[in-house]
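Q: Here it is, the structure in full.
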Amino acid sequence: MASSSLIFFMILFSVLLLISSSESTEHFVGDSERLWKDPLPSEEALFNWASNHHFTIGDTIVFKYNRRFEAVHEVTEHDYRRCITKGSRHKEFHGGNTRVVLDRLGVWYFVSGRRSHCLRGLKLAIVVMPPSPPPSLSISPPSLTVSPPSLTLPLALPASLSLSLSLSQSPSLSPSLSPSPSPNSSGGGANGHGCMVWLGVSMVMMMLLI
């Protein structure tokens, strides 16, 4: 199980290394100027340069210098802090156009081949980071618009409802109780008939009271 995990991480590291090498960047120390020399513009010149650059695994840094007066030593942190230019673990470069491939993560330390120049600031420390992952793709789901179904009322009404509506809307057929006057009757006859009806009703009321 442990060997499988180790193989997996080795494969992952190799893939990351291949990706970073395909997208590697060359960094000229001092931005293509011959800044690896003494005296420097300022004691913090190389520190400021390194702070303004982003170094990832697979990148290359290039030192340009006069090989008659300068050299580049890759050293440990201890020797970097004390400007020690001799050591069994040092890597020395004297070609004048030194290219160093950053193939491991962590901090890399470089000093001048002359201790007096290193003490005046001719040394460099850079931090190598892993390659940046590709940007994540965020896909938002499409918005769904649901419209309510349209309701269409039937135009034809049921027969029972139509019948009830027609009966409710028909005019009243109740017969009139008041007799219509005959066209041949005179006005005096109508008044006399009314008086007789009133007299009969009065007599019935008096009988009921007795």
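Chain labels A, B, ... are given in the sequence in which chains occur in the structure tokens; within each chain residues are numbered consecutively from 1, and ligands are likewise numbered from 1 in the order shown.
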Apply DSSP to the structure's backbone, then extract all residues of region 94-138 of chain A labelled helix (DSSP H, G or I) and return them as a list in words.
A: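 After running DSSP on the backbone, region 94-138 of chain A has helix (DSSP H, G or I) at Arg115, Ser116, His117, Cys118 and Leu119 of chain A.
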Q: Excluding same-chain residues fewer than 4 positions from Val29 (chain A), what lies within 7 Å of it counting only C-alpha atoms, as a list in words?
A: Leu35, Ile61, Val62 and Phe63 of chain A
Q: Rank A:Asn66, A:Pro41, A:Arg82, A:His53 by their smallest atom-to-atom distance to Gly95 (chain A), using only C-alpha atoms, and report the top residue only.
A: A:Asn66
Q: Determine the nearest neighbour of Asp31 (chain A) from the options A:Val100, A:Leu105, A:Leu46, A:Ile126, counting only C-alpha atoms.
A: A:Leu46
Q: For Glu33 (chain A), work out the shell of residues within 10 Å, counting only C-alpha atoms and skipping chain neighbours fewer than 5 positions away, then give it as a PyMOL selection string.
A: chain A and resi 28+63-65
Q: Restricting it to N, CA, C and O atoms, dump the selection as a compact mmCIF listing (two decimals), in the first residue's frame.
A:
```txt
# COMPACT_ATOMS: atom_id res chain seq x y z
N PHE A 28 16.10 36.79 -16.13
CA PHE A 28 17.45 37.33 -16.17
C PHE A 28 17.67 38.14 -14.89
O PHE A 28 16.91 39.09 -14.62
N PHE A 63 22.31 34.27 -15.01
CA PHE A 63 23.27 35.23 -14.46
C PHE A 63 24.20 35.67 -15.59
O PHE A 63 24.85 34.84 -16.24
N LYS A 64 24.27 36.98 -15.82
CA LYS A 64 25.22 37.52 -16.78
C LYS A 64 26.24 38.37 -16.01
O LYS A 64 25.87 39.27 -15.27
N TYR A 65 27.53 38.11 -16.23
CA TYR A 65 28.58 38.77 -15.44
C TYR A 65 29.90 38.68 -16.21
O TYR A 65 30.03 37.92 -17.20
```
Q: Contacts of Phe69 (chain A) at 12 Å or less, counting only C-alpha atoms, minus same-chain residues fewer than 5 places along, as a list of chain:residue names?
A: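 Final neighbour list, sorted by chain and number: A:Trp36, A:Lys37, A:Asp38, A:Pro39, A:Lys64, A:His94, A:Gly95, A:Gly96, A:Ser112, A:Gly113, A:Arg114, A:His117.
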Q: Next, the residues of the selection above should be written as a CSV table (one decimal), in the first residue's frame with N, CA, C and O atoms.
A:
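Final file, again.csv:
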```
chain,number,residue,atom,x,y,z
A,36,TRP,N,24.8,41.2,-11.8
A,36,TRP,CA,25.7,40.4,-11.0
A,36,TRP,C,27.1,40.9,-11.0
A,36,TRP,O,28.0,40.4,-11.6
A,37,LYS,N,27.3,42.0,-10.3
A,37,LYS,CA,28.6,42.7,-10.3
A,37,LYS,C,28.7,43.5,-9.0
A,37,LYS,O,27.7,43.8,-8.4
A,38,ASP,N,29.9,43.9,-8.7
A,38,ASP,CA,30.1,44.8,-7.6
A,38,ASP,C,30.8,46.1,-8.1
A,38,ASP,O,31.7,46.0,-9.0
A,39,PRO,N,30.3,47.3,-7.7
A,39,PRO,CA,29.3,47.5,-6.7
A,39,PRO,C,27.9,47.5,-7.3
A,39,PRO,O,27.7,47.7,-8.5
A,64,LYS,N,24.3,37.0,-15.8
A,64,LYS,CA,25.2,37.5,-16.8
A,64,LYS,C,26.2,38.4,-16.0
A,64,LYS,O,25.9,39.3,-15.3
A,94,HIS,N,31.5,29.7,-13.5
A,94,HIS,CA,32.4,30.7,-13.9
A,94,HIS,C,32.3,31.1,-15.3
A,94,HIS,O,33.2,31.8,-15.9
A,95,GLY,N,31.3,30.7,-16.0
A,95,GLY,CA,31.2,30.9,-17.5
A,95,GLY,C,30.9,32.3,-17.9
A,95,GLY,O,31.1,32.7,-19.1
A,96,GLY,N,30.3,33.1,-17.1
A,96,GLY,CA,29.9,34.5,-17.5
A,96,GLY,C,28.4,34.5,-18.0
A,96,GLY,O,27.9,35.6,-18.1
A,112,SER,N,28.2,35.6,-4.5
A,112,SER,CA,29.3,35.9,-5.4
A,112,SER,C,30.5,35.0,-5.0
A,112,SER,O,30.6,34.5,-3.9
A,113,GLY,N,31.4,34.8,-6.0
A,113,GLY,CA,32.6,34.0,-5.7
A,113,GLY,C,33.6,34.7,-4.9
A,113,GLY,O,34.5,34.1,-4.4
A,114,ARG,N,33.4,36.0,-4.7
A,114,ARG,CA,34.3,36.9,-3.9
A,114,ARG,C,33.5,37.2,-2.6
A,114,ARG,O,32.4,37.9,-2.7
A,117,HIS,N,32.5,40.9,-2.1
A,117,HIS,CA,31.4,41.3,-2.9
A,117,HIS,C,30.1,40.8,-2.3
A,117,HIS,O,29.1,41.6,-2.3
```
Q: Could you check how far CA of Met129 (chain A) sits from CA of Asp59 (chain A), in Å to one decimal?
A: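 Distance reported for this atom pair: 10.1 Å.
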